[in-house]
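Asker: Dropping in data.csv, which is CSV, C-alpha atoms and all ligand atoms:
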chain,number,residue,atom,x,y,z
E,13,MET,CA,22.1,56.4,25.1
E,14,LYS,CA,21.7,57.0,21.4
E,15,LYS,CA,25.0,55.1,20.8
E,16,LEU,CA,23.7,52.2,22.9
E,17,PHE,CA,20.5,52.1,20.8
E,18,VAL,CA,22.4,52.0,17.5
E,19,LEU,CA,24.6,49.2,18.9
E,20,PHE,CA,21.5,47.3,19.9
E,21,SER,CA,19.8,47.7,16.6
E,22,ALA,CA,23.0,46.6,14.8
E,23,ALA,CA,23.2,43.5,16.9
E,24,ALA,CA,19.5,42.7,16.4
E,25,ALA,CA,20.0,43.1,12.6
E,26,VAL,CA,22.9,40.7,12.7
E,27,LEU,CA,20.9,38.2,14.7
E,28,ALA,CA,17.9,38.5,12.3
E,29,MET,CA,20.1,38.0,9.3
E,30,SER,CA,21.7,34.9,10.7
E,31,ALA,CA,18.3,33.5,11.6
E,32,ILE,CA,17.1,34.1,8.1
E,33,SER,CA,20.1,32.4,6.5
E,34,ALA,CA,19.9,29.5,9.0
E,35,SER,CA,16.2,29.0,8.1
E,36,ALA,CA,17.1,29.2,4.4
E,37,GLN,CA,19.4,26.3,5.0
E,38,GLN,CA,17.0,24.2,6.9
E,39,PRO,CA,15.9,21.4,4.7
E,40,ILE,CA,12.2,20.7,4.1
E,41,ILE,CA,11.4,17.4,5.9
E,42,ILE,CA,9.2,14.8,4.4
E,43,LYS,CA,8.2,12.1,6.8
E,44,PHE,CA,7.3,9.0,4.8
E,45,SER,CA,5.7,6.4,7.0
E,46,HIS,CA,4.8,2.8,6.0
E,47,VAL,CA,3.9,-0.5,7.6
E,48,VAL,CA,6.1,-3.0,5.8
E,49,ALA,CA,9.8,-4.0,6.0
E,50,ASN,CA,12.6,-2.1,4.1
E,51,ASP,CA,13.3,-5.3,2.2
E,52,THR,CA,10.0,-5.3,0.2
E,53,PRO,CA,8.9,-3.6,-3.0
E,54,LYS,CA,7.3,-0.7,-1.0
E,55,GLY,CA,10.2,-0.5,1.4
E,56,LYS,CA,12.7,-0.3,-1.4
E,57,GLY,CA,10.5,2.1,-3.3
E,58,ALA,CA,10.4,4.5,-0.4
E,59,LEU,CA,14.2,4.4,0.0
E,60,LYS,CA,14.6,5.0,-3.8
E,61,PHE,CA,12.3,8.0,-3.5
E,62,LYS,CA,14.4,9.3,-0.6
E,63,GLU,CA,17.6,8.9,-2.6
E,64,LEU,CA,16.3,10.6,-5.7
E,65,ALA,CA,14.4,13.4,-3.9
E,66,GLU,CA,17.4,14.4,-1.9
E,67,LYS,CA,19.7,14.2,-5.0
E,68,TYR,CA,17.4,16.2,-7.3
E,69,THR,CA,16.7,18.9,-4.7
E,70,ASN,CA,20.4,19.2,-3.8
E,71,GLY,CA,19.5,18.4,-0.2
E,72,LYS,CA,16.9,21.1,0.1
E,73,VAL,CA,14.5,18.2,0.9
E,74,LYS,CA,15.2,15.5,3.4
E,75,VAL,CA,13.1,12.4,3.3
E,76,GLU,CA,12.8,10.5,6.6
E,77,VAL,CA,11.5,7.0,5.9
E,78,TYR,CA,9.8,5.2,8.9
E,79,PRO,CA,9.2,1.5,7.9
E,80,ASN,CA,7.5,-1.4,9.8
E,81,SER,CA,4.7,0.7,11.5
E,82,GLN,CA,7.5,2.4,13.5
E,83,LEU,CA,5.5,5.6,13.7
E,84,PHE,CA,1.9,4.6,13.1
E,85,LYS,CA,-0.2,1.5,12.5
E,86,ASP,CA,-2.6,1.2,9.5
E,87,LYS,CA,-5.5,3.5,10.5
E,88,GLU,CA,-3.5,5.9,12.5
E,89,GLU,CA,-1.1,6.7,9.7
E,90,ILE,CA,-4.0,7.9,7.5
E,91,GLU,CA,-5.2,10.2,10.4
E,92,ALA,CA,-1.6,11.4,10.8
E,93,LEU,CA,-1.4,12.3,7.1
E,94,GLN,CA,-4.7,14.3,7.3
E,95,LEU,CA,-3.4,16.1,10.4
E,96,GLY,CA,-0.1,16.8,8.7
E,97,SER,CA,2.1,15.0,11.3
E,98,VAL,CA,3.4,12.9,8.4
E,99,GLN,CA,3.6,14.2,4.8
E,100,MET,CA,3.7,11.0,2.7
E,101,LEU,CA,2.3,7.5,2.9
E,102,ALA,CA,1.8,4.5,0.6
E,103,PRO,CA,-1.1,2.5,2.1
E,104,SER,CA,-2.6,-0.4,0.3
E,105,THR,CA,-5.7,0.7,-1.5
E,106,ALA,CA,-7.7,-1.7,0.7
E,107,LYS,CA,-7.3,0.9,3.5
E,108,PHE,CA,-8.9,3.9,1.8
E,109,ALA,CA,-12.4,3.6,3.1
E,110,PRO,CA,-11.7,5.6,6.3
E,111,LEU,CA,-10.6,8.4,3.9
E,112,GLY,CA,-14.1,8.4,2.4
E,113,ALA,CA,-12.8,6.8,-0.8
E,114,LYS,CA,-14.4,3.3,-0.9
E,115,GLU,CA,-14.0,3.3,-4.7
E,116,PHE,CA,-10.4,2.2,-4.3
E,117,GLU,CA,-11.6,-1.1,-3.0
E,118,ALA,CA,-12.7,-2.0,-6.5
E,119,LEU,CA,-9.0,-2.9,-7.1
E,120,ASP,CA,-9.3,-5.7,-4.6
E,121,LEU,CA,-11.8,-7.7,-6.7
E,122,PRO,CA,-10.6,-11.3,-7.1
E,123,TRP,CA,-8.9,-12.2,-10.4
E,124,LEU,CA,-9.3,-8.7,-11.6
E,125,PHE,CA,-5.9,-8.1,-13.1
E,126,LYS,CA,-4.5,-10.8,-15.3
E,127,ASP,CA,-0.9,-9.8,-14.5
E,128,ASP,CA,1.3,-7.0,-13.1
E,129,ALA,CA,1.5,-5.3,-16.5
E,130,ALA,CA,-2.3,-5.1,-16.8
E,131,TYR,CA,-2.4,-3.5,-13.3
E,132,ASP,CA,0.4,-1.0,-14.1
E,133,LYS,CA,-1.2,0.0,-17.4
E,134,ALA,CA,-4.6,0.5,-15.8
E,135,MET,CA,-3.3,2.6,-13.0
E,136,LYS,CA,-1.5,4.9,-15.4
E,137,GLY,CA,-4.6,5.3,-17.4
E,138,PRO,CA,-8.1,7.0,-16.8
E,139,VAL,CA,-9.1,4.8,-13.9
E,140,GLY,CA,-6.0,5.8,-11.9
E,141,LYS,CA,-6.6,9.5,-12.5
E,142,TRP,CA,-10.3,9.1,-11.7
E,143,LEU,CA,-9.5,7.4,-8.4
E,144,PHE,CA,-7.0,10.2,-7.4
E,145,LYS,CA,-9.7,12.8,-8.1
E,146,LYS,CA,-11.7,11.2,-5.4
E,147,LEU,CA,-9.1,12.2,-2.9
E,148,GLU,CA,-8.9,15.9,-3.7
E,149,SER,CA,-11.8,16.9,-1.4
E,150,LYS,CA,-10.2,15.0,1.5
E,151,GLY,CA,-7.1,17.2,1.5
E,152,ILE,CA,-5.0,14.4,0.0
E,153,THR,CA,-3.1,14.3,-3.3
E,154,GLY,CA,-2.4,11.1,-5.0
E,155,LEU,CA,1.1,10.9,-6.6
E,156,ALA,CA,1.5,7.3,-7.9
E,157,PHE,CA,0.3,3.7,-7.7
E,158,TRP,CA,2.8,1.1,-6.6
E,159,ASP,CA,2.7,-2.6,-7.2
E,160,ASN,CA,3.2,-5.5,-4.8
E,161,GLY,CA,1.9,-8.4,-6.9
E,162,PHE,CA,-0.6,-11.0,-6.0
E,163,HIS,CA,-2.0,-12.4,-2.8
E,164,MET,CA,-1.4,-15.9,-1.5
E,165,VAL,CA,-3.6,-17.3,1.2
E,166,SER,CA,-2.7,-19.5,4.2
E,167,ALA,CA,-3.9,-21.4,7.3
E,168,ASN,CA,-2.9,-24.5,9.2
E,169,ARG,CA,-4.6,-26.7,6.7
E,170,PRO,CA,-4.4,-26.8,2.9
E,171,LEU,CA,-6.8,-24.4,1.2
E,172,LEU,CA,-7.5,-26.0,-2.1
E,173,MET,CA,-11.3,-25.9,-2.5
E,174,PRO,CA,-13.8,-23.3,-1.3
E,175,ALA,CA,-15.1,-25.7,1.3
E,176,ASP,CA,-11.6,-25.7,2.9
E,177,PHE,CA,-12.2,-22.2,4.2
E,178,GLN,CA,-15.3,-23.1,6.1
E,179,GLY,CA,-15.3,-21.6,9.6
E,180,LEU,CA,-11.8,-20.2,9.4
E,181,LYS,CA,-11.1,-16.8,10.9
E,182,MET,CA,-9.2,-14.9,8.2
E,183,ARG,CA,-7.3,-11.7,8.8
E,184,ILE,CA,-8.0,-9.0,6.2
E,185,SER,CA,-6.4,-5.6,6.0
E,186,GLY,CA,-9.5,-3.4,5.6
E,187,SER,CA,-11.3,-3.9,2.3
E,188,LYS,CA,-14.9,-4.8,2.3
E,189,ILE,CA,-14.4,-6.5,-1.0
E,190,ALA,CA,-11.9,-8.9,0.6
E,191,ASP,CA,-14.4,-9.3,3.5
E,192,ARG,CA,-17.0,-10.3,1.0
E,193,TYR,CA,-15.0,-12.8,-1.0
E,194,PHE,CA,-13.8,-14.5,2.2
E,195,ARG,CA,-17.4,-14.8,3.3
E,196,ASP,CA,-18.4,-16.2,-0.1
E,197,VAL,CA,-16.2,-19.2,0.7
E,198,GLY,CA,-17.6,-19.6,4.3
E,199,SER,CA,-14.8,-18.1,6.3
E,200,ILE,CA,-15.0,-15.3,8.9
E,201,PRO,CA,-12.9,-12.3,7.9
E,202,GLN,CA,-11.5,-10.0,10.6
E,203,ILE,CA,-9.9,-6.6,10.0
E,204,MET,CA,-6.5,-6.2,11.9
E,205,ALA,CA,-3.5,-3.9,11.6
E,206,PHE,CA,-0.6,-5.4,9.7
E,207,SER,CA,1.8,-5.1,12.7
E,208,GLU,CA,-0.5,-7.4,14.7
E,209,VAL,CA,-0.9,-10.2,12.3
E,210,TYR,CA,2.1,-12.4,13.2
E,211,GLN,CA,1.1,-12.6,16.8
E,212,ALA,CA,-2.5,-13.2,16.0
E,213,LEU,CA,-1.5,-16.1,13.7
E,214,GLN,CA,0.9,-17.4,16.3
E,215,THR,CA,-1.6,-17.4,19.2
E,216,GLY,CA,-4.6,-18.5,17.1
E,217,VAL,CA,-6.6,-15.2,17.4
E,218,VAL,CA,-7.0,-15.7,13.6
E,219,ASP,CA,-6.5,-19.0,11.7
E,220,GLY,CA,-5.3,-17.6,8.4
E,221,CYS,CA,-4.5,-14.6,6.2
E,222,GLU,CA,-3.7,-13.4,2.7
E,223,ASN,CA,-0.7,-11.5,1.5
E,224,THR,CA,2.1,-11.3,-1.0
E,225,ALA,CA,5.2,-13.5,-0.7
E,226,SER,CA,7.4,-10.5,0.3
E,227,ASN,CA,5.2,-9.7,3.2
E,228,TYR,CA,4.9,-13.4,4.2
E,229,LEU,CA,8.7,-13.6,4.3
E,230,THR,CA,9.6,-10.3,6.0
E,231,GLN,CA,6.9,-10.6,8.6
E,232,LYS,CA,7.7,-14.3,9.1
E,233,PHE,CA,4.0,-15.3,8.6
E,234,TYR,CA,5.2,-18.5,6.9
E,235,GLU,CA,6.7,-19.6,10.3
E,236,VAL,CA,3.3,-19.7,11.9
E,237,GLN,CA,1.2,-21.0,9.0
E,238,LYS,CA,1.5,-24.7,8.0
E,239,ASP,CA,0.1,-24.3,4.6
E,240,ILE,CA,0.3,-21.6,2.0
E,241,THR,CA,-1.7,-21.7,-1.2
E,242,VAL,CA,0.0,-19.7,-4.0
E,243,SER,CA,-3.4,-18.8,-5.3
E,244,TYR,CA,-2.7,-15.2,-6.6
E,245,HIS,CA,-6.4,-14.7,-6.2
E,246,ALA,CA,-6.3,-10.9,-5.7
E,247,HIS,CA,-3.8,-8.1,-6.2
E,248,LEU,CA,-2.0,-5.9,-3.6
E,249,GLN,CA,-1.4,-2.3,-4.6
E,250,TYR,CA,-0.5,0.9,-3.0
E,251,ALA,CA,-1.4,4.6,-3.6
E,252,VAL,CA,1.4,7.0,-2.7
E,253,ILE,CA,-0.3,10.0,-1.2
E,254,VAL,CA,0.7,13.3,0.3
E,255,ASN,CA,-1.0,15.9,2.5
E,256,SER,CA,-2.3,18.4,-0.1
E,257,LYS,CA,-1.6,21.5,2.0
E,258,PHE,CA,2.0,20.5,2.4
E,259,TRP,CA,2.4,19.5,-1.3
E,260,ASN,CA,0.7,22.7,-2.7
E,261,GLY,CA,2.7,24.8,-0.3
E,262,LEU,CA,6.1,23.7,-1.7
E,263,PRO,CA,8.0,26.0,-4.0
E,264,ALA,CA,7.1,25.0,-7.6
E,265,ASP,CA,10.7,24.1,-8.6
E,266,ILE,CA,11.0,21.7,-5.6
E,267,ARG,CA,7.6,20.1,-6.3
E,268,ALA,CA,8.8,19.5,-9.9
E,269,GLU,CA,11.9,17.8,-8.7
E,270,LEU,CA,9.9,15.7,-6.2
E,271,THR,CA,7.5,14.7,-9.0
E,272,LYS,CA,10.4,13.5,-11.1
E,273,ALA,CA,11.8,11.6,-8.2
E,274,MET,CA,8.4,10.0,-7.5
E,275,ASP,CA,8.0,9.0,-11.2
E,276,GLU,CA,11.3,7.3,-11.3
E,277,ALA,CA,10.8,5.7,-7.9
E,278,THR,CA,7.5,4.4,-9.2
E,279,ASP,CA,9.0,2.8,-12.3
E,280,TYR,CA,11.7,1.3,-10.1
E,281,THR,CA,9.3,-0.2,-7.6
E,282,ASN,CA,6.9,-1.6,-10.2
E,283,SER,CA,9.8,-3.1,-12.1
E,284,ILE,CA,11.2,-5.0,-9.1
E,285,ALA,CA,7.9,-6.1,-7.5
E,286,ALA,CA,7.5,-9.4,-9.4
E,287,LYS,CA,11.1,-10.4,-8.9
E,288,GLU,CA,11.1,-9.5,-5.2
E,289,ASN,CA,8.0,-11.7,-4.7
E,290,LYS,CA,9.5,-14.5,-6.7
E,291,ASP,CA,12.7,-14.4,-4.6
E,292,ALA,CA,10.6,-14.2,-1.4
E,293,LEU,CA,8.6,-17.3,-2.4
E,294,ALA,CA,11.8,-19.2,-3.2
E,295,ALA,CA,13.1,-18.3,0.3
E,296,ILE,CA,9.9,-19.4,2.0
E,297,LYS,CA,10.1,-22.7,0.1
E,298,ALA,CA,13.8,-23.1,1.0
E,299,SER,CA,13.0,-22.6,4.7
E,300,GLY,CA,11.1,-25.9,4.8
E,301,LYS,CA,8.8,-24.3,7.5
E,302,THR,CA,5.6,-24.5,5.6
E,303,THR,CA,4.0,-26.4,2.7
E,304,LEU,CA,3.3,-24.5,-0.6
E,305,HIS,CA,0.2,-25.6,-2.6
E,306,TYR,CA,-0.7,-24.7,-6.2
E,307,LEU,CA,-4.2,-24.7,-7.5
E,308,THR,CA,-5.3,-26.8,-10.5
E,309,PRO,CA,-7.4,-25.1,-13.2
E,310,ALA,CA,-10.4,-26.9,-11.8
E,311,GLN,CA,-9.8,-25.6,-8.3
E,312,ILE,CA,-9.3,-22.1,-9.6
E,313,ALA,CA,-12.6,-22.4,-11.5
E,314,ALA,CA,-14.3,-23.5,-8.2
E,315,TRP,CA,-12.9,-20.5,-6.4
E,316,LYS,CA,-14.0,-18.1,-9.1
E,317,LYS,CA,-17.5,-19.6,-9.0
E,318,ALA,CA,-17.7,-19.4,-5.3
E,319,MET,CA,-16.5,-15.8,-5.2
E,320,ALA,CA,-18.6,-14.6,-8.1
E,321,PRO,CA,-21.3,-13.0,-5.8
E,322,THR,CA,-18.6,-10.5,-4.7
E,323,TYR,CA,-18.7,-9.0,-8.2
E,324,LYS,CA,-22.5,-8.5,-8.1
E,325,TRP,CA,-22.3,-7.1,-4.6
E,326,ALA,CA,-19.4,-4.7,-5.4
E,327,LYS,CA,-21.5,-2.3,-7.3
E,328,GLY,CA,-23.4,-1.3,-4.1
E,329,ARG,CA,-20.1,-0.8,-2.3
E,330,VAL,CA,-17.8,1.0,-4.8
E,331,GLY,CA,-20.4,2.3,-7.3
E,332,GLY,CA,-20.9,1.5,-11.0
E,333,GLU,CA,-18.6,4.2,-12.3
E,334,VAL,CA,-15.2,2.7,-11.2
E,335,LEU,CA,-16.4,-0.8,-12.2
E,336,ASP,CA,-17.2,0.5,-15.7
E,337,LEU,CA,-13.9,2.2,-16.0
E,338,LEU,CA,-12.1,-1.0,-14.9
E,339,SER,CA,-14.1,-3.2,-17.2
E,340,LYS,CA,-13.3,-0.9,-20.2
E,341,GLU,CA,-9.6,-0.6,-19.3
E,342,LEU,CA,-9.1,-4.3,-18.7
E,343,ASN,CA,-11.5,-5.5,-21.4
E,344,ILE,CA,-13.4,-7.7,-19.0
E,345,LYS,CA,-17.1,-8.2,-18.1
E,346,MET,CA,-17.8,-7.4,-14.5
E,347,ASN,CA,-20.6,-10.0,-14.0
E,401,LIG,C1,-1.6,-5.5,4.8
E,401,LIG,O1,-2.0,-4.8,5.8
E,401,LIG,O2,-1.7,-6.7,4.8
E,401,LIG,C2,-0.8,-4.7,3.7
E,401,LIG,O3,-1.5,-3.6,3.5
E,401,LIG,C3,0.5,-4.5,4.1
E,401,LIG,C4,1.3,-3.7,3.1
E,401,LIG,O4,1.2,-2.4,3.2
E,401,LIG,O5,1.8,-4.3,2.2
What does the file become when written as structure tokens?

Answerer:
Amino acid sequence: MKKLFVLFSAAAAVLAMSAISASAQQPIIIKFSHVVANDTPKGKGALKFKELAEKYTNGKVKVEVYPNSQLFKDKEEIEALQLGSVQMLAPSTAKFAPLGAKEFEALDLPWLFKDDAAYDKAMKGPVGKWLFKKLESKGITGLAFWDNGFHMVSANRPLLMPADFQGLKMRISGSKIADRYFRDVGSIPQIMAFSEVYQALQTGVVDGCENTASNYLTQKFYEVQKDITVSYHAHLQYAVIVNSKFWNGLPADIRAELTKAMDEATDYTNSIAAKENKDALAAIKASGKTTLHYLTPAQIAAWKKAMAPTYKWAKGRVGGEVLDLLSKELNIKMN
């Protein structure tokens, strides 16, 4: 009996040992969900982060990238992050209000950033840090800001003057600032998940939308919009965010390697965004399936004038603090 007990204990010990070593070998999984195609600045950035994170941690971390709303659509992915069923996202900052962080919408103000460099510099400065502080109480940690350049706008008619927008149903991604500037020009904005836009344009559920060239190309929006105005009237940016409980629970050395991977993936993404969008615009043009329009200085002035009320209104939505930080950082007057 005693012998049998010793035998059992030895077997149990061996089993326990092998379970421990198996679990020591199990990689930490990061599910990184996003809504765009792989072949876009964000898609490429996510894959670059995967490559670097797995390399720097010697495979102790495995990053699973799920593009194209494969796992979750816009709103659901934010909920999934808070619940911990995904660990990492890079939503556009237009989608942060459900997180209780409306301040991020300030970045959607029309003609706010004069170019990508101004955006990148601002986000690496005090305003970027201030915005990420807003997420702390929500169980979310902000890691980086990614770039996707400037929005174009489209419909089945040329949009050259504010009056051309009159009565059009325009798809927006979530920001009340975009809602407001589309109202300023007489259109009717409608929030819709990114994965539903192509069909909505095709069937006429909405008349038009705004987005960057890389998204127009990879989602084929240009096939169902007769006219695209290369207006670059607002900027599309992402905040890469993680579930704080997951992030803070990582061993410190792993977190340091992942931070390094994220910093490098960020520089990579922000360095390719402009070229990716330029190439996408050239491909859209070459397709011959839509007409591209460019605004004259007088037309741009007319848009700016028509959308000026958004700037006055913004303070009530996003608060004065973020607007002051932006105005200081970008050296501009807010109204
Ligand atoms: C959109 O919904 O239009 C964008 O946020 C998509 C994206 O993530 O680029």

Asker: Write out as an NGL selection string which residues come within 8 Å of E:Leu180 when counting only C-alpha atoms, dropping same-chain ones fewer than 2 positions away.

Answerer: :E and (177-178 or 182 or 198-200 or 218-220)

Asker: Using only C-alpha atoms, find all polymer residues with an atom at most 12 Å away from the point (13.6, 8.0, -3.7); report them as a PyMOL selection string.

Answerer: chain E and resi 42+44+54-69+73-77+269-281

Asker: Mind dumping the selected residues with C-alpha atoms as a PDB file, keeping the file's coordinate frame?

Answerer:
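Saved the output as again-v3.pdb:
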ATOM      1  CA  ILE E  42       9.200  14.800   4.400  1.00  0.00           C
ATOM      2  CA  PHE E  44       7.300   9.000   4.800  1.00  0.00           C
ATOM      3  CA  LYS E  54       7.300  -0.700  -1.000  1.00  0.00           C
ATOM      4  CA  GLY E  55      10.200  -0.500   1.400  1.00  0.00           C
ATOM      5  CA  LYS E  56      12.700  -0.300  -1.400  1.00  0.00           C
ATOM      6  CA  GLY E  57      10.500   2.100  -3.300  1.00  0.00           C
ATOM      7  CA  ALA E  58      10.400   4.500  -0.400  1.00  0.00           C
ATOM      8  CA  LEU E  59      14.200   4.400   0.000  1.00  0.00           C
ATOM      9  CA  LYS E  60      14.600   5.000  -3.800  1.00  0.00           C
ATOM     10  CA  PHE E  61      12.300   8.000  -3.500  1.00  0.00           C
ATOM     11  CA  LYS E  62      14.400   9.300  -0.600  1.00  0.00           C
ATOM     12  CA  GLU E  63      17.600   8.900  -2.600  1.00  0.00           C
ATOM     13  CA  LEU E  64      16.300  10.600  -5.700  1.00  0.00           C
ATOM     14  CA  ALA E  65      14.400  13.400  -3.900  1.00  0.00           C
ATOM     15  CA  GLU E  66      17.400  14.400  -1.900  1.00  0.00           C
ATOM     16  CA  LYS E  67      19.700  14.200  -5.000  1.00  0.00           C
ATOM     17  CA  TYR E  68      17.400  16.200  -7.300  1.00  0.00           C
ATOM     18  CA  THR E  69      16.700  18.900  -4.700  1.00  0.00           C
ATOM     19  CA  VAL E  73      14.500  18.200   0.900  1.00  0.00           C
ATOM     20  CA  LYS E  74      15.200  15.500   3.400  1.00  0.00           C
ATOM     21  CA  VAL E  75      13.100  12.400   3.300  1.00  0.00           C
ATOM     22  CA  GLU E  76      12.800  10.500   6.600  1.00  0.00           C
ATOM     23  CA  VAL E  77      11.500   7.000   5.900  1.00  0.00           C
ATOM     24  CA  GLU E 269      11.900  17.800  -8.700  1.00  0.00           C
ATOM     25  CA  LEU E 270       9.900  15.700  -6.200  1.00  0.00           C
ATOM     26  CA  THR E 271       7.500  14.700  -9.000  1.00  0.00           C
ATOM     27  CA  LYS E 272      10.400  13.500 -11.100  1.00  0.00           C
ATOM     28  CA  ALA E 273      11.800  11.600  -8.200  1.00  0.00           C
ATOM     29  CA  MET E 274       8.400  10.000  -7.500  1.00  0.00           C
ATOM     30  CA  ASP E 275       8.000   9.000 -11.200  1.00  0.00           C
ATOM     31  CA  GLU E 276      11.300   7.300 -11.300  1.00  0.00           C
ATOM     32  CA  ALA E 277      10.800   5.700  -7.900  1.00  0.00           C
ATOM     33  CA  THR E 278       7.500   4.400  -9.200  1.00  0.00           C
ATOM     34  CA  ASP E 279       9.000   2.800 -12.300  1.00  0.00           C
ATOM     35  CA  TYR E 280      11.700   1.300 -10.100  1.00  0.00           C
ATOM     36  CA  THR E 281       9.300  -0.200  -7.600  1.00  0.00           C
TER      37      THR E 281
END

Asker: Can I get the residues close to ligand LIG 401 (chain E) as a ChimeraX atom specification, where close means within 8 Å and we count only C-alpha atoms and all ligand atoms?

Answerer: /E:46-48,54,86,102-107,160,184-186,204-207,222-224,227,248-250

Asker: Enter the distance from atom CA of E:Glu341 to atom CA of E:Lys327, in Å, rounded to one decimal.

Answerer: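 Value for the atom CA of E:Glu341-atom CA of E:Lys327 distance: 17.0 Å.
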
Asker: E:Asn260: which residues within 12 Å, counting all atoms listed in the file, same-chain residues fewer than 5 positions away excluded, as a count of residues only?

Answerer: 11

Asker: With all atoms listed in the file as the basis for distance, which of E:Lys150, E:Lys345, E:Lys232, E:Lys145 is at the shortest distance from E:Leu95?

Answerer: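 The answer is E:Lys150, which sits nearest to E:Leu95.
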